[in-house]
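Colleague: To be precise about what I am sending: the file is called input31.cif and holds mmCIF, C-alpha atoms.
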data_final
#
loop_
_atom_site.group_PDB
_atom_site.id
_atom_site.type_symbol
_atom_site.label_atom_id
_atom_site.label_comp_id
_atom_site.auth_asym_id
_atom_site.auth_seq_id
_atom_site.Cartn_x
_atom_site.Cartn_y
_atom_site.Cartn_z
ATOM 1 C CA MET T 1 130.168 185.478 364.428
ATOM 2 C CA ASN T 2 128.861 184.053 367.600
ATOM 3 C CA VAL T 3 130.479 180.994 366.094
ATOM 4 C CA ARG T 4 129.214 178.716 368.733
ATOM 5 C CA ALA T 5 129.851 176.021 366.359
ATOM 6 C CA LEU T 6 130.640 177.455 366.769
ATOM 7 C CA TRP T 7 128.341 177.634 370.513
ATOM 8 C CA CYS T 8 131.474 175.573 367.987
ATOM 9 C CA VAL T 9 132.499 176.160 368.285
ATOM 10 C CA ALA T 10 134.567 175.500 369.709
ATOM 11 C CA VAL T 11 136.006 171.161 367.952
ATOM 12 C CA LEU T 12 137.785 171.096 371.616
ATOM 13 C CA ALA T 13 137.281 174.535 372.966
ATOM 14 C CA GLY T 14 138.118 175.527 376.428
ATOM 15 C CA VAL T 15 141.442 173.816 375.914
ATOM 16 C CA GLY T 16 143.783 176.769 376.201
ATOM 17 C CA CYS T 17 146.491 178.699 378.317
ATOM 18 C CA ASP T 18 147.565 178.301 381.983
ATOM 19 C CA HIS T 19 145.115 175.682 383.305
ATOM 20 C CA ARG T 20 145.166 177.206 386.765
ATOM 21 C CA ARG T 21 143.049 179.958 385.294
ATOM 22 C CA GLU T 22 139.503 179.402 384.156
ATOM 23 C CA ASP T 23 139.315 177.920 380.675
ATOM 24 C CA ALA T 24 142.987 178.448 379.847
ATOM 25 C CA ALA T 25 145.764 176.019 378.748
ATOM 26 C CA PRO T 26 148.595 174.372 380.695
ATOM 27 C CA GLY T 27 151.848 176.188 381.253
ATOM 28 C CA PRO T 28 155.356 175.140 382.151
ATOM 29 C CA ALA T 29 154.470 175.141 385.844
ATOM 30 C CA ASP T 30 151.849 172.478 385.247
ATOM 31 C CA PRO T 31 153.707 169.401 383.954
ATOM 32 C CA VAL T 32 152.019 166.056 383.605
ATOM 33 C CA PRO T 33 153.171 163.898 386.550
ATOM 34 C CA VAL T 34 155.734 161.302 385.562
ATOM 35 C CA ALA T 35 157.452 158.540 387.468
ATOM 36 C CA SER T 36 160.401 159.757 389.506
ATOM 37 C CA VAL T 37 162.447 156.667 388.666
ATOM 38 C CA ALA T 38 164.234 156.786 385.325
ATOM 39 C CA ILE T 39 163.348 153.883 383.070
ATOM 40 C CA LYS T 40 165.563 152.855 380.221
ATOM 41 C CA PRO T 41 163.468 152.831 377.032
ATOM 42 C CA THR T 42 163.018 149.447 375.449
ATOM 43 C CA HIS T 43 162.404 148.594 371.830
ATOM 44 C CA MET T 44 158.753 147.885 372.613
ATOM 45 C CA ALA T 45 158.370 151.210 374.434
ATOM 46 C CA ILE T 46 159.768 153.090 371.468
ATOM 47 C CA MET T 47 157.530 151.188 369.080
ATOM 48 C CA SER T 48 154.471 151.974 371.196
ATOM 49 C CA GLN T 49 155.089 155.691 370.729
ATOM 50 C CA ALA T 50 154.810 155.498 366.950
ATOM 51 C CA PRO T 51 151.362 156.733 365.864
ATOM 52 C CA ASP T 52 149.147 154.340 363.971
ATOM 53 C CA PRO T 53 148.621 155.932 360.515
ATOM 54 C CA ALA T 54 145.120 154.467 360.265
ATOM 55 C CA LEU T 55 144.187 155.853 363.677
ATOM 56 C CA VAL T 56 145.570 159.296 362.834
ATOM 57 C CA GLY T 57 143.757 159.193 359.491
ATOM 58 C CA ARG T 58 140.462 158.426 361.192
ATOM 59 C CA GLY T 59 141.132 161.264 363.623
ATOM 60 C CA ALA T 60 141.804 163.675 360.775
ATOM 61 C CA TYR T 61 138.473 162.700 359.216
ATOM 62 C CA LEU T 62 136.652 163.261 362.507
ATOM 63 C CA ALA T 63 138.352 166.650 362.925
ATOM 64 C CA LYS T 64 137.056 167.704 359.509
ATOM 65 C CA ALA T 65 133.539 166.655 360.451
ATOM 66 C CA GLY T 66 133.752 168.407 363.807
ATOM 67 C CA GLY T 67 135.192 171.626 362.438
ATOM 68 C CA CYS T 68 138.155 171.650 364.828
ATOM 69 C CA ALA T 69 140.319 173.864 362.627
ATOM 70 C CA THR T 70 137.418 176.228 361.941
ATOM 71 C CA CYS T 71 137.002 177.165 365.584
ATOM 72 C CA HIS T 72 140.602 176.833 366.697
ATOM 73 C CA THR T 73 142.157 179.101 364.075
ATOM 74 C CA ALA T 74 142.369 182.857 364.561
ATOM 75 C CA VAL T 75 140.673 185.188 362.103
ATOM 76 C CA GLY T 76 141.933 188.628 361.140
ATOM 77 C CA PRO T 77 140.745 191.334 358.730
ATOM 78 C CA SER T 78 142.022 189.258 355.805
ATOM 79 C CA GLY T 79 140.498 185.972 356.975
ATOM 80 C CA PRO T 80 141.701 182.853 358.835
ATOM 81 C CA ASP T 81 145.339 182.544 359.934
ATOM 82 C CA PHE T 82 145.966 179.231 358.175
ATOM 83 C CA ALA T 83 149.681 179.335 359.023
ATOM 84 C CA ASN T 84 148.698 178.783 362.655
ATOM 85 C CA ALA T 85 145.766 176.431 362.261
ATOM 86 C CA PHE T 86 144.613 174.767 365.495
ATOM 87 C CA ALA T 87 146.657 177.250 367.572
ATOM 88 C CA GLY T 88 143.511 179.058 368.700
ATOM 89 C CA GLY T 89 142.978 182.772 369.121
ATOM 90 C CA LEU T 90 139.605 183.091 367.390
ATOM 91 C CA GLU T 91 138.059 185.939 369.407
ATOM 92 C CA VAL T 92 134.307 186.345 369.364
ATOM 93 C CA PRO T 93 132.500 189.318 370.971
ATOM 94 C CA ASP T 94 129.297 187.415 371.650
ATOM 95 C CA VAL T 95 126.019 188.412 373.295
ATOM 96 C CA ILE T 96 127.127 186.242 376.229
ATOM 97 C CA GLY T 97 130.548 187.898 376.452
ATOM 98 C CA THR T 98 133.813 187.659 374.543
ATOM 99 C CA TRP T 99 135.253 184.178 374.198
ATOM 100 C CA ARG T 100 138.413 182.875 372.588
ATOM 101 C CA SER T 101 139.250 179.476 371.187
ATOM 102 C CA PRO T 102 142.330 177.922 372.819
ATOM 103 C CA ASN T 103 145.487 176.462 371.355
ATOM 104 C CA ILE T 104 144.974 172.730 370.802
ATOM 105 C CA THR T 105 148.305 171.955 369.158
ATOM 106 C CA PRO T 106 150.706 169.702 371.129
ATOM 107 C CA ASP T 107 152.835 172.631 372.255
ATOM 108 C CA LYS T 108 153.690 171.987 375.906
ATOM 109 C CA SER T 109 153.940 175.615 376.973
ATOM 110 C CA SER T 110 150.739 177.021 375.503
ATOM 111 C CA GLY T 111 148.792 174.115 374.020
ATOM 112 C CA ILE T 112 147.781 170.622 375.125
ATOM 113 C CA GLY T 113 151.158 168.933 374.765
ATOM 114 C CA GLY T 114 151.383 168.357 378.512
ATOM 115 C CA TRP T 115 147.946 166.730 378.768
ATOM 116 C CA THR T 116 147.452 162.981 378.811
ATOM 117 C CA ASP T 117 145.298 161.233 376.223
ATOM 118 C CA ALA T 118 142.626 160.693 378.878
ATOM 119 C CA GLN T 119 142.647 164.376 379.800
ATOM 120 C CA ILE T 120 142.225 165.460 376.187
ATOM 121 C CA GLY T 121 139.423 162.934 375.757
ATOM 122 C CA ALA T 122 137.671 164.242 378.881
ATOM 123 C CA ALA T 123 137.845 167.814 377.560
ATOM 124 C CA ILE T 124 136.344 166.701 374.255
ATOM 125 C CA ARG T 125 133.471 164.567 375.553
ATOM 126 C CA GLU T 126 132.822 165.940 379.035
ATOM 127 C CA GLY T 127 134.083 169.497 378.939
ATOM 128 C CA VAL T 128 136.359 168.846 381.913
ATOM 129 C CA ARG T 129 139.864 170.280 382.183
ATOM 130 C CA PRO T 130 142.825 168.435 383.745
ATOM 131 C CA ASP T 131 142.360 170.471 386.926
ATOM 132 C CA GLY T 132 138.715 169.374 387.126
ATOM 133 C CA GLY T 133 137.324 172.730 385.998
ATOM 134 C CA GLN T 134 134.212 172.724 383.799
ATOM 135 C CA LEU T 135 134.389 174.312 380.349
ATOM 136 C CA TYR T 136 131.774 176.653 378.962
ATOM 137 C CA PRO T 137 129.383 174.865 376.563
ATOM 138 C CA ILE T 138 130.688 176.997 373.706
ATOM 139 C CA MET T 139 132.815 173.915 373.305
ATOM 140 C CA PRO T 140 130.198 171.427 372.071
ATOM 141 C CA TYR T 141 131.169 168.693 374.519
ATOM 142 C CA LEU T 142 127.492 167.938 375.144
ATOM 143 C CA GLU T 143 127.297 166.823 371.508
ATOM 144 C CA TYR T 144 130.740 165.204 371.421
ATOM 145 C CA ASN T 145 129.682 163.188 374.474
ATOM 146 C CA ALA T 146 128.260 160.721 371.932
ATOM 147 C CA LEU T 147 131.716 159.939 370.473
ATOM 148 C CA THR T 148 132.765 156.330 370.859
ATOM 149 C CA ASP T 149 135.893 155.466 372.807
ATOM 150 C CA ASP T 150 137.604 154.395 369.585
ATOM 151 C CA ASP T 151 136.790 157.624 367.753
ATOM 152 C CA THR T 152 137.931 159.653 370.748
ATOM 153 C CA LYS T 153 141.271 157.836 370.684
ATOM 154 C CA ALA T 154 141.560 158.549 366.963
ATOM 155 C CA LEU T 155 140.821 162.253 367.400
ATOM 156 C CA VAL T 156 143.372 162.496 370.212
ATOM 157 C CA ALA T 157 145.959 160.703 368.055
ATOM 158 C CA TYR T 158 145.376 163.207 365.265
ATOM 159 C CA LEU T 159 145.759 166.193 367.591
ATOM 160 C CA ARG T 160 148.990 164.646 368.859
ATOM 161 C CA SER T 161 150.257 164.462 365.256
ATOM 162 C CA LEU T 162 149.899 168.209 364.651
ATOM 163 C CA ALA T 163 152.949 170.439 364.628
ATOM 164 C CA PRO T 164 153.271 172.200 367.993
ATOM 165 C CA ILE T 165 152.758 175.969 367.791
ATOM 166 C CA ALA T 166 153.750 178.207 370.681
ATOM 167 C CA LYS T 167 150.901 180.677 370.977
ATOM 168 C CA VAL T 168 149.416 181.905 374.234
ATOM 169 C CA VAL T 169 145.690 182.647 374.111
ATOM 170 C CA ALA T 170 144.018 184.743 376.790
ATOM 171 C CA PRO T 171 141.570 182.735 378.914
ATOM 172 C CA THR T 172 137.814 182.950 378.484
ATOM 173 C CA LYS T 173 136.093 184.192 381.635
ATOM 174 C CA ASP T 174 132.810 185.463 383.027
ATOM 175 C CA LEU T 175 130.524 184.474 380.166
ATOM 176 C CA LYS T 176 126.807 184.935 380.753
ATOM 177 C CA VAL T 177 125.986 181.296 380.218
ATOM 178 C CA PRO T 178 126.004 178.422 382.726
ATOM 179 C CA LYS T 179 128.668 175.743 382.697
ATOM 180 C CA VAL T 180 126.720 172.539 382.149
ATOM 181 C CA PRO T 181 128.138 169.242 383.471
ATOM 182 C CA ALA T 182 128.112 166.369 380.989
ATOM 183 C CA PRO T 183 127.354 162.737 381.788
ATOM 184 C CA LYS T 184 129.990 160.074 381.423
ATOM 185 C CA PRO T 185 130.290 159.143 377.726
ATOM 186 C CA PRO T 186 127.931 156.223 377.019
ATOM 187 C CA ASN T 187 130.250 154.780 374.342
ATOM 188 C CA LEU T 188 127.262 153.548 372.350
ATOM 189 C CA PRO T 189 128.222 152.021 369.001
ATOM 190 C CA ASP T 190 128.089 153.969 365.766
ATOM 191 C CA VAL T 191 125.601 151.784 363.855
ATOM 192 C CA THR T 192 126.901 152.356 360.342
ATOM 193 C CA THR T 193 124.422 149.849 358.870
ATOM 194 C CA ASP T 194 121.472 152.037 359.904
ATOM 195 C CA PRO T 195 121.437 155.378 358.013
ATOM 196 C CA VAL T 196 119.292 157.121 360.634
ATOM 197 C CA LYS T 197 121.363 155.997 363.632
ATOM 198 C CA HIS T 198 124.632 156.573 361.797
ATOM 199 C CA GLY T 199 123.369 159.981 360.703
ATOM 200 C CA GLU T 200 122.452 160.855 364.286
ATOM 201 C CA TYR T 201 125.972 159.953 365.421
ATOM 202 C CA LEU T 202 127.563 162.090 362.703
ATOM 203 C CA ALA T 203 125.143 164.982 363.316
ATOM 204 C CA ALA T 204 126.334 165.066 366.944
ATOM 205 C CA LEU T 205 129.963 165.212 365.809
ATOM 206 C CA MET T 206 129.129 167.937 363.291
ATOM 207 C CA GLY T 207 127.425 169.989 365.998
ATOM 208 C CA CYS T 208 124.086 170.289 364.192
ATOM 209 C CA ALA T 209 122.014 170.616 367.379
ATOM 210 C CA HIS T 210 124.722 172.786 368.911
ATOM 211 C CA CYS T 211 124.085 175.564 366.392
ATOM 212 C CA HIS T 212 120.459 174.835 365.540
ATOM 213 C CA GLY T 213 119.190 174.425 369.092
ATOM 214 C CA GLY T 214 117.884 177.940 369.741
ATOM 215 C CA ASP T 215 119.173 180.948 371.654
ATOM 216 C CA PRO T 216 120.843 179.939 374.966
ATOM 217 C CA THR T 217 120.524 183.490 376.329
ATOM 218 C CA LYS T 218 116.781 182.871 376.591
ATOM 219 C CA GLY T 219 117.137 179.884 378.898
ATOM 220 C CA PRO T 220 118.325 176.251 378.951
ATOM 221 C CA PRO T 221 118.020 174.322 375.673
ATOM 222 C CA ASP T 222 114.658 172.638 375.183
ATOM 223 C CA PRO T 223 115.244 168.973 374.185
ATOM 224 C CA ALA T 224 112.083 169.053 372.091
ATOM 225 C CA ARG T 225 113.471 171.961 370.051
ATOM 226 C CA ARG T 226 117.057 170.744 369.575
ATOM 227 C CA TYR T 227 116.961 171.356 365.823
ATOM 228 C CA ALA T 228 114.379 174.151 365.603
ATOM 229 C CA GLY T 229 116.988 176.855 364.964
ATOM 230 C CA GLY T 230 116.953 180.537 365.806
ATOM 231 C CA PHE T 231 120.469 180.966 367.199
ATOM 232 C CA PRO T 232 121.912 184.400 366.244
ATOM 233 C CA PHE T 233 125.366 184.575 364.647
ATOM 234 C CA PRO T 234 126.623 188.179 364.391
ATOM 235 C CA MET T 235 129.269 188.368 361.688
ATOM 236 C CA LEU T 236 132.854 189.392 362.533
ATOM 237 C CA PRO T 237 135.424 191.400 360.556
ATOM 238 C CA GLY T 238 137.122 189.058 358.125
ATOM 239 C CA MET T 239 134.028 186.859 357.863
ATOM 240 C CA MET T 240 132.983 188.176 354.470
ATOM 241 C CA GLY T 241 130.157 190.392 355.611
ATOM 242 C CA THR T 242 128.194 192.183 358.309
ATOM 243 C CA GLY T 243 124.875 191.696 360.042
ATOM 244 C CA THR T 244 123.421 188.643 361.766
ATOM 245 C CA VAL T 245 122.696 185.162 360.458
ATOM 246 C CA PHE T 246 120.183 182.984 362.329
ATOM 247 C CA SER T 247 120.490 179.208 362.361
ATOM 248 C CA ALA T 248 117.722 177.551 360.363
ATOM 249 C CA ASN T 249 114.920 175.304 361.570
ATOM 250 C CA LEU T 250 116.078 171.816 360.526
ATOM 251 C CA THR T 251 112.977 169.963 361.652
ATOM 252 C CA SER T 252 110.432 168.528 359.224
ATOM 253 C CA ASP T 253 107.891 171.302 359.718
ATOM 254 C CA PRO T 254 106.731 172.065 356.152
ATOM 255 C CA GLU T 255 106.258 175.803 356.688
ATOM 256 C CA THR T 256 109.140 176.888 358.932
ATOM 257 C CA GLY T 257 111.530 173.945 358.571
ATOM 258 C CA LEU T 258 112.775 171.500 355.937
ATOM 259 C CA GLY T 259 109.572 169.475 355.618
ATOM 260 C CA LYS T 260 109.388 170.045 351.865
ATOM 261 C CA TRP T 261 113.018 169.127 351.212
ATOM 262 C CA THR T 262 114.112 165.681 350.035
ATOM 263 C CA VAL T 263 117.006 163.718 351.523
ATOM 264 C CA ASP T 264 119.046 164.432 348.392
ATOM 265 C CA GLU T 265 118.365 168.166 348.663
ATOM 266 C CA ILE T 266 119.476 168.225 352.295
ATOM 267 C CA ALA T 267 122.624 166.249 351.451
ATOM 268 C CA SER T 268 123.439 168.534 348.528
ATOM 269 C CA THR T 269 123.014 171.623 350.697
ATOM 270 C CA ILE T 270 125.384 170.221 353.349
ATOM 271 C CA ARG T 271 127.974 169.468 350.690
ATOM 272 C CA THR T 272 127.664 172.607 348.525
ATOM 273 C CA MET T 273 126.141 175.210 350.891
ATOM 274 C CA VAL T 274 123.604 176.022 348.183
ATOM 275 C CA ARG T 275 119.886 175.616 348.918
ATOM 276 C CA PRO T 276 117.476 173.841 346.542
ATOM 277 C CA ASP T 277 116.232 177.290 345.452
ATOM 278 C CA LYS T 278 119.852 178.097 344.434
ATOM 279 C CA ARG T 279 120.405 180.599 347.249
ATOM 280 C CA GLN T 280 123.846 180.518 348.871
ATOM 281 C CA LEU T 281 124.034 179.850 352.606
ATOM 282 C CA HIS T 282 125.938 182.273 354.845
ATOM 283 C CA GLY T 283 127.491 182.119 358.289
ATOM 284 C CA PRO T 284 128.981 179.157 360.188
ATOM 285 C CA MET T 285 127.767 176.550 357.707
ATOM 286 C CA THR T 286 129.993 178.030 355.013
ATOM 287 C CA TRP T 287 132.986 178.166 357.377
ATOM 288 C CA LEU T 288 132.645 174.421 357.871
ATOM 289 C CA GLN T 289 132.380 173.572 354.182
ATOM 290 C CA GLY T 290 136.120 173.050 353.771
ATOM 291 C CA GLY T 291 135.983 170.007 356.032
ATOM 292 C CA TRP T 292 132.475 168.809 355.262
ATOM 293 C CA SER T 293 133.078 168.794 351.509
ATOM 294 C CA GLN T 294 135.711 166.093 352.119
ATOM 295 C CA LEU T 295 133.359 163.737 353.961
ATOM 296 C CA ASP T 296 132.244 160.495 352.314
ATOM 297 C CA SER T 297 129.016 160.845 350.334
ATOM 298 C CA GLU T 298 127.536 157.928 352.308
ATOM 299 C CA ASP T 299 128.123 159.820 355.542
ATOM 300 C CA ILE T 300 126.593 163.038 354.224
ATOM 301 C CA THR T 301 123.554 161.090 353.013
ATOM 302 C CA ALA T 302 123.215 159.454 356.420
ATOM 303 C CA VAL T 303 123.186 162.874 358.124
ATOM 304 C CA ALA T 304 120.587 164.083 355.623
ATOM 305 C CA THR T 305 118.488 160.959 356.253
ATOM 306 C CA TYR T 306 118.560 161.598 359.983
ATOM 307 C CA ILE T 307 117.635 165.278 359.612
ATOM 308 C CA HIS T 308 114.862 164.452 357.151
ATOM 309 C CA GLN T 309 113.010 162.350 359.735
ATOM 310 C CA LEU T 310 113.221 164.835 362.637
ATOM 311 C CA PRO T 311 109.797 165.503 364.197
ATOM 312 C CA PRO T 312 108.282 168.802 363.024
ATOM 313 C CA VAL T 313 108.619 171.852 365.282
ATOM 314 C CA LYS T 314 106.996 175.083 364.194
ATOM 315 C CA ASN T 315 109.491 177.899 364.677
ATOM 316 C CA GLN T 316 109.694 180.862 362.347
ATOM 317 C CA VAL T 317 113.341 181.896 362.425
ATOM 318 C CA PRO T 318 114.075 185.636 361.972
ATOM 319 C CA ALA T 319 115.296 186.685 358.555
ATOM 320 C CA SER T 320 119.035 187.152 358.144
ATOM 321 C CA THR T 321 120.398 190.713 358.086
ATOM 322 C CA TYR T 322 123.657 189.549 356.485
ATOM 323 C CA LYS T 323 125.264 191.855 353.931
ATOM 324 C CA PRO T 324 128.333 190.844 351.886
#
Take the structure from the file and write it as structure tokens.
Modeller:
Amino acid sequence: MNVRALWCVAVLAGVGCDHRREDAAPGPADPVPVASVAIKPTHMAIMSQAPDPALVGRGAYLAKAGGCATCHTAVGPSGPDFANAFAGGLEVPDVIGTWRSPNITPDKSSGIGGWTDAQIGAAIREGVRPDGGQLYPIMPYLEYNALTDDDTKALVAYLRSLAPIAKVVAPTKDLKVPKVPAPKPPNLPDVTTDPVKHGEYLAALMGCAHCHGGDPTKGPPDPARRYAGGFPFPMLPGMMGTGTVFSANLTSDPETGLGKWTVDEIASTIRTMVRPDKRQLHGPMTWLQGGWSQLDSEDITAVATYIHQLPPVKNQVPASTYKP
């Protein structure tokens, strides 16, 4: 499954076991520093700990768009382990090496329960662990870098609201792909009044360029080909088939991309996973449908509007070898 989305993989990858090891999560020996002087809780302090339902709700929406549960839930022969959603353990034997999604529940021994809000936010948008280590870009932090401060706070609040699950996930090491530093988040506004700009913001959260940006084993991503497709996704046991699915060319090239599709057709495909010619999509797109199908129609249309106006890039993507 080379789920990179799933290269995402990974919403918050690299957040996993003992953080003294590369790309693993914090353990009991790594507590978050606290003041050594005991402070008697006040009414205001207790009130400040209560999560804001609206903030958590926004975070839940963002998690659906980003596919957090998709990448951070283990998959077995019978399918996803929904009883332990967000607890990580998705293991992918990729062309770049085997990687595993970490536990991002607020369990303090094996998840991110001992991380501060700022540390979780840095992992999401910059791919930086609490110990300063850089995550592999399987976690799409280069895309999530566009998240606003407010949306980052909402996503963190939602992750904090999850039930803690004690599950240790082996660290991801020695992948044949460079760890790419991310810039400081620009915190540019999400311009919801402009469908193209709003669609661009949502497309970053949904990891569109992350999966449709080409094959990273052939060199660094080319900014001019961010949406030209061609990334291989070998299917895994439990993923409803065998073979390899290649990410499609989303640019407006009429022959190799979506140049002949309308905005409505693109939006419908995102929502239903069925192409205008009635063919069913396969691979990571379908794994994300559970969350994407719950997004507001205005948001889906904005993403489609943004994709529809992408400059054309001619790139004939290999045919899928997927077999049910």
Colleague: What's around T:Leu258 at 10 Å? Count all atoms listed in the file, leave out sequence neighbours fewer than 3 positions away in its own chain, and write the answer as a list in words.
Modeller: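 Using all atoms listed in the file, the neighbours found are Ala248, Asn249, Leu250, Thr251, Ser252, Asp253, Pro254, Glu255, Trp261, Thr262, Val263, Glu265, Ile266, Ile307, His308, Gln309, Leu310 and Pro312 of chain T.
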Colleague: What would the selection look like, as a ChimeraX atom specification, if the PyMOL selection byres ((chain T and resi 276) around 10) were run on the coordinates I just shared?
Modeller: /T:261-262,264-266,268-269,273-275,277-280
Colleague: Once 8 Å is added on each side, what are the centre and the three edge lengths, in Å to one decimal, of the axis-aligned box enclosing the listed atoms of stretch 305-315 of chain T? Present them as AutoDock Vina command-line options.
Modeller:
--center_x 112.8 --center_y 169.4 --center_z 360.8 --size_x 27.6 --size_y 32.9 --size_z 25.0
Colleague: Using Å and a single decimal, report how far atom CA of T:Thr192 sits from atom CA of T:Trp292.
Modeller: 18.1 Å
Colleague: What does the distance from atom CA of T:Pro106 to atom CA of T:Val156 come to in Å, to one decimal?
Modeller: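 Separating atom CA of T:Pro106 from atom CA of T:Val156 is a distance of 10.3 Å.
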Colleague: Which value, in Å to one decimal, gives the distance between atom CA of T:Thr286 and atom CA of T:Tyr136?
Modeller: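 Between atom CA of T:Thr286 and atom CA of T:Tyr136 the gap is 24.1 Å.
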Colleague: Excluding T:Val303 and its own-chain neighbours fewer than 4 positions away, which residues fall within 10 Å of it when counting all atoms listed in the file? Please give them as a PyMOL selection string.
Modeller: chain T and resi 195-204+206+208+263+266-267+270+297-299+307-308
Colleague: On this structure, which residues satisfy the PyMOL selection byres ((chain T and resi 64) around 8), written as JSON, numbers by chain?
Modeller: {"T": [60, 61, 62, 63, 65, 66, 67, 68, 69, 290, 291, 292, 294, 295]}
Colleague: Using C-alpha atoms, can you export the residues from the last selection as an mmCIF file, keeping the file's coordinate frame?
Modeller:
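Output file selection01.cif is given in full below:
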data_model
loop_
_atom_site.group_PDB
_atom_site.id
_atom_site.type_symbol
_atom_site.label_atom_id
_atom_site.label_comp_id
_atom_site.auth_asym_id
_atom_site.auth_seq_id
_atom_site.Cartn_x
_atom_site.Cartn_y
_atom_site.Cartn_z
ATOM 1 C CA ALA T 60 141.804 163.675 360.775
ATOM 2 C CA TYR T 61 138.473 162.700 359.216
ATOM 3 C CA LEU T 62 136.652 163.261 362.507
ATOM 4 C CA ALA T 63 138.352 166.650 362.925
ATOM 5 C CA ALA T 65 133.539 166.655 360.451
ATOM 6 C CA GLY T 66 133.752 168.407 363.807
ATOM 7 C CA GLY T 67 135.192 171.626 362.438
ATOM 8 C CA CYS T 68 138.155 171.650 364.828
ATOM 9 C CA ALA T 69 140.319 173.864 362.627
ATOM 10 C CA GLY T 290 136.120 173.050 353.771
ATOM 11 C CA GLY T 291 135.983 170.007 356.032
ATOM 12 C CA TRP T 292 132.475 168.809 355.262
ATOM 13 C CA GLN T 294 135.711 166.093 352.119
ATOM 14 C CA LEU T 295 133.359 163.737 353.961
#
Colleague: With only C-alpha atoms as the basis for distance, which of T:Thr73, T:Thr105, T:Thr305, T:Ser293 is at the shortest distance from T:Arg160?
Modeller: T:Thr105
Colleague: What residues come out when you apply the PyMOL selection byres ((chain T and resi 213) around 6) to this file, written as an MDAnalysis selection string?
Modeller: chainID T and resid 209:212 214 226:229
Colleague: Considering only C-alpha atoms, can you say which of T:Gly207, T:Pro164, T:Pro183, T:Pro93 comes closest to T:Glu143?
Modeller: T:Gly207
Colleague: Rank T:Met285, T:Pro318, T:Asp222, T:Pro181 by their smallest atom-to-atom distance to T:Gly133, using all atoms listed in the file, and report the top residue only.
Modeller: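 Smallest separation from T:Gly133 among the options: T:Pro181.
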Colleague: Identify which of the residues T:Leu188, T:Pro140, T:Ile165, T:Gln316 lies closest to T:Asn84, counting only C-alpha atoms when measuring atom-to-atom distances.
Modeller: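 Ranking T:Leu188, T:Pro140, T:Ile165, T:Gln316 by distance to T:Asn84, first place goes to T:Ile165.
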Colleague: Pick the closest to T:Thr70 from T:Leu142, T:Gly241, T:Ser247, T:Gln289: which is it, counting all atoms listed in the file?
Modeller: T:Gln289
Colleague: Tell me, as a compact mmCIF listing (two decimals) with C-alpha atoms, keeping the file's coordinate frame, which residues lie within 7 Å of T:Pro232, counting all atoms listed in the file; anything in the same chain fewer than 5 positions away does not count.
Modeller:
# COMPACT_ATOMS: atom_id res chain seq x y z
CA ASP T 215 119.17 180.95 371.65
CA THR T 244 123.42 188.64 361.77
CA VAL T 245 122.70 185.16 360.46
CA PHE T 246 120.18 182.98 362.33
CA SER T 247 120.49 179.21 362.36
Colleague: Do you know which residues lie at most 6 Å from (145.7, 162.1, 364.1), with coordinates as in the file and all atoms listed in the file counted, and could you write them as JSON, numbers by chain?
Modeller: {"T": [56, 57, 59, 60, 155, 157, 158, 159, 161]}
